[in-house]
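Have a look at my_file38.pdb below; it lists PDB, C-alpha atoms and all ligand atoms.
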ATOM      1  CA  MET S  64     184.290 254.646 119.289  1.00  0.00           C
ATOM      2  CA  SER S  65     183.031 254.398 115.722  1.00  0.00           C
ATOM      3  CA  ILE S  66     185.235 254.586 112.646  1.00  0.00           C
ATOM      4  CA  ALA S  67     183.877 258.079 111.960  1.00  0.00           C
ATOM      5  CA  GLU S  68     184.695 259.200 115.512  1.00  0.00           C
ATOM      6  CA  ASN S  69     188.198 257.772 115.260  1.00  0.00           C
ATOM      7  CA  ILE S  70     188.786 259.595 111.985  1.00  0.00           C
ATOM      8  CA  ALA S  71     187.528 262.883 113.472  1.00  0.00           C
ATOM      9  CA  LYS S  72     189.878 262.499 116.451  1.00  0.00           C
ATOM     10  CA  ILE S  73     192.841 261.684 114.201  1.00  0.00           C
ATOM     11  CA  ARG S  74     192.081 264.728 112.032  1.00  0.00           C
ATOM     12  CA  GLU S  75     192.205 266.878 115.195  1.00  0.00           C
ATOM     13  CA  ASN S  76     195.542 265.364 116.205  1.00  0.00           C
ATOM     14  CA  MET S  77     196.880 265.833 112.680  1.00  0.00           C
ATOM     15  CA  ALA S  78     195.831 269.489 112.667  1.00  0.00           C
ATOM     16  CA  ALA S  79     197.432 270.074 116.082  1.00  0.00           C
ATOM     17  CA  ALA S  80     200.728 268.549 114.924  1.00  0.00           C
ATOM     18  CA  ALA S  81     200.623 270.576 111.722  1.00  0.00           C
ATOM     19  CA  ARG S  82     200.024 273.838 113.575  1.00  0.00           C
ATOM     20  CA  GLU S  83     202.860 273.072 116.009  1.00  0.00           C
ATOM     21  CA  ALA S  84     205.138 272.740 113.021  1.00  0.00           C
ATOM     22  CA  GLY S  85     203.796 275.936 111.464  1.00  0.00           C
ATOM     23  CA  ARG S  86     202.159 273.989 108.669  1.00  0.00           C
ATOM     24  CA  ASP S  87     198.752 274.149 107.009  1.00  0.00           C
ATOM     25  CA  PRO S  88     196.682 271.142 108.222  1.00  0.00           C
ATOM     26  CA  GLY S  89     194.908 271.139 104.864  1.00  0.00           C
ATOM     27  CA  GLU S  90     198.035 269.978 103.042  1.00  0.00           C
ATOM     28  CA  ILE S  91     198.198 266.603 104.836  1.00  0.00           C
ATOM     29  CA  LEU S  92     196.245 263.600 103.567  1.00  0.00           C
ATOM     30  CA  LEU S  93     194.891 260.794 105.720  1.00  0.00           C
ATOM     31  CA  VAL S  94     195.097 257.340 104.138  1.00  0.00           C
ATOM     32  CA  GLY S  95     193.181 254.564 105.914  1.00  0.00           C
ATOM     33  CA  ALA S  96     195.216 251.346 105.997  1.00  0.00           C
ATOM     34  CA  SER S  97     192.295 248.961 105.736  1.00  0.00           C
ATOM     35  CA  LYS S  98     193.984 245.557 105.586  1.00  0.00           C
ATOM     36  CA  MET S  99     192.007 242.831 107.341  1.00  0.00           C
ATOM     37  CA  ASN S 100     188.966 245.085 107.627  1.00  0.00           C
ATOM     38  CA  ASP S 101     185.870 244.255 105.624  1.00  0.00           C
ATOM     39  CA  ALA S 102     184.114 246.189 102.884  1.00  0.00           C
ATOM     40  CA  ASP S 103     181.641 247.691 105.338  1.00  0.00           C
ATOM     41  CA  ALA S 104     184.450 249.150 107.456  1.00  0.00           C
ATOM     42  CA  CYS S 105     185.995 250.627 104.299  1.00  0.00           C
ATOM     43  CA  ARG S 106     182.667 252.186 103.322  1.00  0.00           C
ATOM     44  CA  GLN S 107     182.314 253.731 106.781  1.00  0.00           C
ATOM     45  CA  ALA S 108     185.744 255.330 106.384  1.00  0.00           C
ATOM     46  CA  VAL S 109     184.804 256.654 102.944  1.00  0.00           C
ATOM     47  CA  ALA S 110     181.541 258.060 104.321  1.00  0.00           C
ATOM     48  CA  ALA S 111     183.543 259.767 107.083  1.00  0.00           C
ATOM     49  CA  GLY S 112     185.631 261.555 104.472  1.00  0.00           C
ATOM     50  CA  ILE S 113     188.888 259.591 104.473  1.00  0.00           C
ATOM     51  CA  ASP S 114     191.227 260.951 101.750  1.00  0.00           C
ATOM     52  CA  ALA S 115     192.179 257.492 100.427  1.00  0.00           C
ATOM     53  CA  LEU S 116     192.247 253.849 101.440  1.00  0.00           C
ATOM     54  CA  GLY S 117     195.392 251.740 101.258  1.00  0.00           C
ATOM     55  CA  GLU S 118     195.595 247.972 100.887  1.00  0.00           C
ATOM     56  CA  ASN S 119     198.506 245.589 101.457  1.00  0.00           C
ATOM     57  CA  ARG S 120     197.420 242.331  99.894  1.00  0.00           C
ATOM     58  CA  VAL S 121     196.454 241.938  96.272  1.00  0.00           C
ATOM     59  CA  GLN S 122     193.958 239.137  96.769  1.00  0.00           C
ATOM     60  CA  GLU S 123     192.147 240.957  99.564  1.00  0.00           C
ATOM     61  CA  MET S 124     192.086 244.142  97.492  1.00  0.00           C
ATOM     62  CA  VAL S 125     190.657 242.405  94.422  1.00  0.00           C
ATOM     63  CA  GLN S 126     187.909 240.857  96.540  1.00  0.00           C
ATOM     64  CA  LYS S 127     187.017 244.142  98.189  1.00  0.00           C
ATOM     65  CA  LEU S 128     187.064 245.963  94.826  1.00  0.00           C
ATOM     66  CA  GLU S 129     184.416 243.514  93.641  1.00  0.00           C
ATOM     67  CA  GLN S 130     182.390 244.415  96.726  1.00  0.00           C
ATOM     68  CA  HIS S 131     182.721 248.135  95.909  1.00  0.00           C
ATOM     69  CA  ALA S 132     184.420 248.698  99.262  1.00  0.00           C
ATOM     70  CA  TYR S 133     186.332 251.762  98.089  1.00  0.00           C
ATOM     71  CA  ASP S 134     183.717 253.551  95.973  1.00  0.00           C
ATOM     72  CA  GLY S 135     184.014 257.282  96.584  1.00  0.00           C
ATOM     73  CA  ALA S 136     187.685 257.412  97.644  1.00  0.00           C
ATOM     74  CA  PRO S 137     190.969 256.847  95.826  1.00  0.00           C
ATOM     75  CA  LEU S 138     192.596 253.466  96.411  1.00  0.00           C
ATOM     76  CA  HIS S 139     196.321 253.067  97.090  1.00  0.00           C
ATOM     77  CA  PHE S 140     198.446 249.954  97.191  1.00  0.00           C
ATOM     78  CA  ILE S 141     200.790 250.226 100.191  1.00  0.00           C
ATOM     79  CA  GLY S 142     202.088 246.689 100.776  1.00  0.00           C
ATOM     80  CA  HIS S 143     204.894 244.584  99.414  1.00  0.00           C
ATOM     81  CA  LEU S 144     204.069 243.943  95.761  1.00  0.00           C
ATOM     82  CA  GLN S 145     205.293 240.793  94.058  1.00  0.00           C
ATOM     83  CA  ARG S 146     206.093 241.136  90.396  1.00  0.00           C
ATOM     84  CA  ASN S 147     203.745 238.334  89.384  1.00  0.00           C
ATOM     85  CA  LYS S 148     200.826 240.294  90.885  1.00  0.00           C
ATOM     86  CA  VAL S 149     201.616 243.656  89.311  1.00  0.00           C
ATOM     87  CA  LYS S 150     198.992 243.226  86.585  1.00  0.00           C
ATOM     88  CA  GLN S 151     196.234 242.987  89.183  1.00  0.00           C
ATOM     89  CA  VAL S 152     197.236 246.318  90.662  1.00  0.00           C
ATOM     90  CA  VAL S 153     198.406 248.559  87.815  1.00  0.00           C
ATOM     91  CA  GLY S 154     195.518 250.635  86.527  1.00  0.00           C
ATOM     92  CA  HIS S 155     193.316 249.551  89.426  1.00  0.00           C
ATOM     93  CA  VAL S 156     194.752 251.932  92.013  1.00  0.00           C
ATOM     94  CA  ALA S 157     195.397 255.660  92.000  1.00  0.00           C
ATOM     95  CA  LEU S 158     198.827 255.259  93.596  1.00  0.00           C
ATOM     96  CA  ILE S 159     201.270 252.433  94.271  1.00  0.00           C
ATOM     97  CA  GLN S 160     203.143 253.650  97.351  1.00  0.00           C
ATOM     98  CA  SER S 161     205.568 250.786  97.741  1.00  0.00           C
ATOM     99  CA  VAL S 162     207.919 250.766  94.753  1.00  0.00           C
ATOM    100  CA  GLY S 163     211.238 249.790  96.230  1.00  0.00           C
ATOM    101  CA  SER S 164     213.292 248.101  93.514  1.00  0.00           C
ATOM    102  CA  LEU S 165     214.275 248.566  89.874  1.00  0.00           C
ATOM    103  CA  GLU S 166     212.755 245.163  89.064  1.00  0.00           C
ATOM    104  CA  LEU S 167     209.368 246.156  90.429  1.00  0.00           C
ATOM    105  CA  LEU S 168     209.599 249.512  88.682  1.00  0.00           C
ATOM    106  CA  GLN S 169     210.218 247.758  85.370  1.00  0.00           C
ATOM    107  CA  ALA S 170     207.337 245.329  85.904  1.00  0.00           C
ATOM    108  CA  ILE S 171     204.994 248.258  86.599  1.00  0.00           C
ATOM    109  CA  GLU S 172     206.248 250.085  83.504  1.00  0.00           C
ATOM    110  CA  LYS S 173     205.528 247.050  81.365  1.00  0.00           C
ATOM    111  CA  ALA S 174     202.051 246.431  82.794  1.00  0.00           C
ATOM    112  CA  ALA S 175     201.156 250.111  82.444  1.00  0.00           C
ATOM    113  CA  ALA S 176     202.460 250.212  78.855  1.00  0.00           C
ATOM    114  CA  ASP S 177     200.390 247.109  78.011  1.00  0.00           C
ATOM    115  CA  ARG S 178     197.305 248.921  79.256  1.00  0.00           C
ATOM    116  CA  ASP S 179     198.332 252.209  77.681  1.00  0.00           C
ATOM    117  CA  LEU S 180     198.191 254.166  80.921  1.00  0.00           C
ATOM    118  CA  VAL S 181     200.516 256.025  83.253  1.00  0.00           C
ATOM    119  CA  GLN S 182     200.695 254.640  86.781  1.00  0.00           C
ATOM    120  CA  ASP S 183     201.359 257.042  89.661  1.00  0.00           C
ATOM    121  CA  ILE S 184     203.852 255.680  92.185  1.00  0.00           C
ATOM    122  CA  LEU S 185     205.867 256.562  95.263  1.00  0.00           C
ATOM    123  CA  LEU S 186     209.427 255.374  95.714  1.00  0.00           C
ATOM    124  CA  GLU S 187     209.857 253.488  98.980  1.00  0.00           C
ATOM    125  CA  VAL S 188     212.986 254.180 101.028  1.00  0.00           C
ATOM    126  CA  ASN S 189     214.296 251.553 103.432  1.00  0.00           C
ATOM    127  CA  ILE S 190     215.610 254.184 105.807  1.00  0.00           C
ATOM    128  CA  GLY S 191     216.664 251.727 108.503  1.00  0.00           C
ATOM    129  CA  ARG S 192     218.497 249.548 105.955  1.00  0.00           C
ATOM    130  CA  GLU S 193     216.635 246.509 107.267  1.00  0.00           C
ATOM    131  CA  ALA S 194     217.477 243.291 105.478  1.00  0.00           C
ATOM    132  CA  ALA S 195     213.930 241.942 105.746  1.00  0.00           C
ATOM    133  CA  LYS S 196     212.276 245.098 104.423  1.00  0.00           C
ATOM    134  CA  SER S 197     211.843 246.183 100.823  1.00  0.00           C
ATOM    135  CA  GLY S 198     212.626 249.662  99.573  1.00  0.00           C
ATOM    136  CA  PHE S 199     215.556 251.498  98.058  1.00  0.00           C
ATOM    137  CA  ALA S 200     218.553 252.040 100.314  1.00  0.00           C
ATOM    138  CA  PRO S 201     218.893 255.803 100.892  1.00  0.00           C
ATOM    139  CA  GLU S 202     221.934 256.022  98.607  1.00  0.00           C
ATOM    140  CA  ASP S 203     220.043 254.229  95.812  1.00  0.00           C
ATOM    141  CA  LEU S 204     216.955 256.443  95.862  1.00  0.00           C
ATOM    142  CA  PHE S 205     218.184 258.900  93.227  1.00  0.00           C
ATOM    143  CA  ALA S 206     219.060 256.057  90.869  1.00  0.00           C
ATOM    144  CA  GLY S 207     215.543 254.697  91.364  1.00  0.00           C
ATOM    145  CA  ALA S 208     214.092 258.115  90.583  1.00  0.00           C
ATOM    146  CA  GLU S 209     216.211 258.465  87.455  1.00  0.00           C
ATOM    147  CA  ALA S 210     215.131 255.019  86.280  1.00  0.00           C
ATOM    148  CA  ALA S 211     211.500 256.018  86.823  1.00  0.00           C
ATOM    149  CA  LEU S 212     211.983 259.279  84.926  1.00  0.00           C
ATOM    150  CA  ALA S 213     213.249 257.284  81.965  1.00  0.00           C
ATOM    151  CA  ARG S 214     210.075 255.170  81.875  1.00  0.00           C
ATOM    152  CA  PRO S 215     207.112 256.849  80.237  1.00  0.00           C
ATOM    153  CA  HIS S 216     204.355 254.791  81.884  1.00  0.00           C
ATOM    154  CA  VAL S 217     205.196 255.518  85.496  1.00  0.00           C
ATOM    155  CA  ARG S 218     204.989 258.874  87.208  1.00  0.00           C
ATOM    156  CA  VAL S 219     206.755 259.479  90.514  1.00  0.00           C
ATOM    157  CA  ARG S 220     204.641 261.536  92.916  1.00  0.00           C
ATOM    158  CA  GLY S 221     206.855 261.289  95.998  1.00  0.00           C
ATOM    159  CA  VAL S 222     208.454 259.060  98.598  1.00  0.00           C
ATOM    160  CA  MET S 223     207.187 256.582 101.187  1.00  0.00           C
ATOM    161  CA  THR S 224     208.908 255.060 104.194  1.00  0.00           C
ATOM    162  CA  ILE S 225     208.336 252.721 107.130  1.00  0.00           C
ATOM    163  CA  PRO S 226     211.035 253.155 109.782  1.00  0.00           C
ATOM    164  CA  PRO S 227     212.169 250.145 111.832  1.00  0.00           C
ATOM    165  CA  ALA S 228     209.379 249.016 114.139  1.00  0.00           C
ATOM    166  CA  ASP S 229     211.667 248.777 117.163  1.00  0.00           C
ATOM    167  CA  ALA S 230     213.102 252.313 116.972  1.00  0.00           C
ATOM    168  CA  ASP S 231     212.514 254.485 120.058  1.00  0.00           C
ATOM    169  CA  GLY S 232     210.662 257.774 119.620  1.00  0.00           C
ATOM    170  CA  ASP S 233     213.743 259.952 119.106  1.00  0.00           C
ATOM    171  CA  THR S 234     215.358 257.551 116.645  1.00  0.00           C
ATOM    172  CA  ASN S 235     212.084 257.183 114.788  1.00  0.00           C
ATOM    173  CA  PHE S 236     211.807 260.973 114.513  1.00  0.00           C
ATOM    174  CA  ARG S 237     215.356 261.188 113.158  1.00  0.00           C
ATOM    175  CA  TYR S 238     214.472 258.598 110.497  1.00  0.00           C
ATOM    176  CA  PHE S 239     211.513 260.759 109.470  1.00  0.00           C
ATOM    177  CA  GLN S 240     213.792 263.801 109.268  1.00  0.00           C
ATOM    178  CA  GLU S 241     216.299 261.892 107.143  1.00  0.00           C
ATOM    179  CA  VAL S 242     213.605 260.816 104.693  1.00  0.00           C
ATOM    180  CA  ARG S 243     212.252 264.363 104.554  1.00  0.00           C
ATOM    181  CA  ALA S 244     215.742 265.645 103.681  1.00  0.00           C
ATOM    182  CA  LEU S 245     216.117 263.037 100.924  1.00  0.00           C
ATOM    183  CA  TYR S 246     212.668 263.904  99.572  1.00  0.00           C
ATOM    184  CA  VAL S 247     213.324 267.650  99.511  1.00  0.00           C
ATOM    185  CA  ASP S 248     216.708 267.170  97.842  1.00  0.00           C
ATOM    186  CA  MET S 249     215.370 264.747  95.228  1.00  0.00           C
ATOM    187  CA  ASN S 250     212.353 266.943  94.576  1.00  0.00           C
ATOM    188  CA  GLN S 251     214.556 269.937  93.911  1.00  0.00           C
ATOM    189  CA  LYS S 252     217.248 268.191  91.864  1.00  0.00           C
ATOM    190  CA  LEU S 253     215.159 265.801  89.770  1.00  0.00           C
ATOM    191  CA  PHE S 254     211.512 266.890  89.855  1.00  0.00           C
ATOM    192  CA  HIS S 255     211.410 270.699  89.647  1.00  0.00           C
ATOM    193  CA  ASN S 256     209.774 270.658  93.102  1.00  0.00           C
ATOM    194  CA  GLU S 257     206.654 269.116  91.597  1.00  0.00           C
ATOM    195  CA  LEU S 258     206.453 266.137  93.976  1.00  0.00           C
ATOM    196  CA  GLU S 259     203.669 266.402  96.532  1.00  0.00           C
ATOM    197  CA  TYR S 260     203.647 263.249  98.590  1.00  0.00           C
ATOM    198  CA  LEU S 261     205.870 262.388 101.503  1.00  0.00           C
ATOM    199  CA  SER S 262     204.087 259.352 102.946  1.00  0.00           C
ATOM    200  CA  MET S 263     205.210 258.491 106.478  1.00  0.00           C
ATOM    201  CA  GLY S 264     203.626 257.923 109.857  1.00  0.00           C
ATOM    202  CA  MET S 265     201.209 255.257 111.114  1.00  0.00           C
ATOM    203  CA  SER S 266     198.891 254.927 114.151  1.00  0.00           C
ATOM    204  CA  GLY S 267     201.693 255.228 116.696  1.00  0.00           C
ATOM    205  CA  ASP S 268     203.700 258.025 115.154  1.00  0.00           C
ATOM    206  CA  TYR S 269     201.702 260.035 112.618  1.00  0.00           C
ATOM    207  CA  GLN S 270     201.962 263.236 114.655  1.00  0.00           C
ATOM    208  CA  ASP S 271     205.764 262.959 114.760  1.00  0.00           C
ATOM    209  CA  ALA S 272     205.768 262.252 111.034  1.00  0.00           C
ATOM    210  CA  ILE S 273     203.737 265.434 110.435  1.00  0.00           C
ATOM    211  CA  ARG S 274     206.120 267.446 112.629  1.00  0.00           C
ATOM    212  CA  ALA S 275     208.916 266.082 110.433  1.00  0.00           C
ATOM    213  CA  GLY S 276     207.156 267.063 107.193  1.00  0.00           C
ATOM    214  CA  ALA S 277     204.857 264.218 106.107  1.00  0.00           C
ATOM    215  CA  THR S 278     202.152 265.239 103.635  1.00  0.00           C
ATOM    216  CA  MET S 279     200.433 261.832 103.798  1.00  0.00           C
ATOM    217  CA  VAL S 280     199.984 259.524 106.780  1.00  0.00           C
ATOM    218  CA  ARG S 281     198.816 255.901 106.644  1.00  0.00           C
ATOM    219  CA  VAL S 282     196.727 254.997 109.676  1.00  0.00           C
ATOM    220  CA  GLY S 283     195.207 251.565 110.300  1.00  0.00           C
ATOM    221  CA  SER S 284     194.477 250.389 113.823  1.00  0.00           C
ATOM    222  CA  ALA S 285     193.734 253.870 115.222  1.00  0.00           C
ATOM    223  CA  ILE S 286     190.878 254.068 112.696  1.00  0.00           C
ATOM    224  CA  PHE S 287     189.650 250.492 112.410  1.00  0.00           C
ATOM    225  CA  GLY S 288     190.670 248.988 115.760  1.00  0.00           C
ATOM    226  CA  ALA S 289     193.254 246.290 116.466  1.00  0.00           C
ATOM    227  CA  ARG S 290     193.783 243.689 113.742  1.00  0.00           C
ATOM    228  CA  HIS S 291     193.313 240.081 114.731  1.00  0.00           C
ATOM    229  CA  TYR S 292     195.875 237.861 113.040  1.00  0.00           C
ATOM    230  CA  THR S 293     194.975 234.210 112.972  1.00  0.00           C
TER     231      THR S 293
HETATM  232  C1  LIG S 301     199.272 248.363 108.225  1.00  0.00           C
HETATM  233  C2  LIG S 301     200.056 249.471 107.623  1.00  0.00           C
HETATM  234  C3  LIG S 301     199.943 250.782 108.092  1.00  0.00           C
HETATM  235  C4  LIG S 301     199.087 251.175 109.274  1.00  0.00           C
HETATM  236  O1  LIG S 301     199.555 250.585 110.444  1.00  0.00           O
HETATM  237  P1  LIG S 301     198.855 250.923 111.857  1.00  0.00           P
HETATM  238  O2  LIG S 301     199.959 250.788 112.844  1.00  0.00           O
HETATM  239  O3  LIG S 301     197.763 249.950 112.047  1.00  0.00           O
HETATM  240  O4  LIG S 301     198.368 252.318 111.773  1.00  0.00           O
HETATM  241  C5  LIG S 301     200.648 251.770 107.423  1.00  0.00           C
HETATM  242  N1  LIG S 301     201.449 251.490 106.379  1.00  0.00           N
HETATM  243  C6  LIG S 301     201.596 250.253 105.909  1.00  0.00           C
HETATM  244  C7  LIG S 301     202.482 250.012 104.748  1.00  0.00           C
HETATM  245  C8  LIG S 301     200.911 249.203 106.529  1.00  0.00           C
HETATM  246  O5  LIG S 301     201.083 247.962 106.064  1.00  0.00           O
END

How does the structure come out when it is put into structure tokens?
Amino acid sequence: MSIAENIAKIRENMAAAAREAGRDPGEILLVGASKMNDADACRQAVAAGIDALGENRVQEMVQKLEQHAYDGAPLHFIGHLQRNKVKQVVGHVALIQSVGSLELLQAIEKAAADRDLVQDILLEVNIGREAAKSGFAPEDLFAGAEAALARPHVRVRGVMTIPPADADGDTNFRYFQEVRALYVDMNQKLFHNELEYLSMGMSGDYQDAIRAGATMVRVGSAIFGARHYT
């Protein structure tokens, strides 16, 4: 199956899940998680109409930007972002999805202020409270949002999450529902319901995420094939 065929199939599955949930399929964006795939694969996804591409590693992203891998689609940063690499990302991507600490938020504010721009971000929630994972604990999300609202060079567009990898299907679905509830509550109380992006769901669970309310799914291997780690 080609990248274009995979994307078409995923769009069908997304639409089916949306309809099951009584939702409009048109309101859900497909982000291609293109880590470890080359510029040509990215271009194929763009040609097939992917809504955005998401990268995890700064160095890989910078290289692929130079190769014009993403021309024609918005670029998102979706991986763990170290503060010393913030400058290479701010202003170069349409959305940083993985803002999970006050320190990172402040570093993005400073880099965006230096460049005189406003950086769109999502706040990442560590819904499984995993020690090894970044993201705000659920009870700290509102404080993160308030800190972002007080900084003029960042603009919160929504929430992102990655549930624990070892959760069974039911538990995983409950995590999605919990994040949805947090998102809806925060949107109402702090953002006048102007947030649009609830980013959750990957190759194995994007349909469940859509049933639980995701407006953005991040799909890698189901589009590009299995990644080969060396
Ligand atoms: C790699 C990655 C994905 C996609 O994972 P797949 O299981 O390959 O679909 C989604 N989100 C993030 C943050 C990722 O790093």

(request) Write out as a ChimeraX atom specification which residues come within 9 Å of stretch 164-167 of chain S when counting all atoms listed in the file, dropping same-chain ones fewer than 3 positions away. (result) /S:144-146,149,170-172,186-187,197-199,206-207,210-211

(request) Do a neighbour search on S:Val125 at 10 Å with all atoms listed in the file, toss out local chain neighbours closer than 5 positions, and write the hits as a list of chain:residue names. (result) S:Glu118, S:Arg120, S:Gln130, S:His131, S:Gln151, S:Val152, S:His155

(request) Take atom CA of S:Glu259 and atom CA of S:Val109 and report the distance between them in Å, one decimal. (result)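 Separation of atom CA of S:Glu259 and atom CA of S:Val109: 22.2 Å.
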
(message) I'd like to see the residues matched by the PyMOL selection byres (((chain S and resi 71) around 12) and not hetatm) on this file, and ideally I'd get them as a list in words.
(response) Met64, Ser65, Ile66, Ala67, Glu68, Asn69, Ile70, Lys72, Ile73, Arg74, Glu75, Asn76, Met77, Ala78, Leu93, Ala108, Ala110, Ala111, Gly112, Ile113, Ala285 and Ile286 of chain S

Ligand LIG 301 (chain S): which residues are within 7 Å, counting all atoms listed in the file? Reply as a tab-separated table (two decimals) with C-alpha atoms, in the frame of the given file.
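New file pocket21.tsv:
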chain	number	residue	atom	x	y	z
S	96	ALA	CA	195.22	251.35	106.00
S	98	LYS	CA	193.98	245.56	105.59
S	119	ASN	CA	198.51	245.59	101.46
S	141	ILE	CA	200.79	250.23	100.19
S	142	GLY	CA	202.09	246.69	100.78
S	225	ILE	CA	208.34	252.72	107.13
S	265	MET	CA	201.21	255.26	111.11
S	266	SER	CA	198.89	254.93	114.15
S	267	GLY	CA	201.69	255.23	116.70
S	281	ARG	CA	198.82	255.90	106.64
S	282	VAL	CA	196.73	255.00	109.68
S	283	GLY	CA	195.21	251.56	110.30
S	284	SER	CA	194.48	250.39	113.82
S	285	ALA	CA	193.73	253.87	115.22
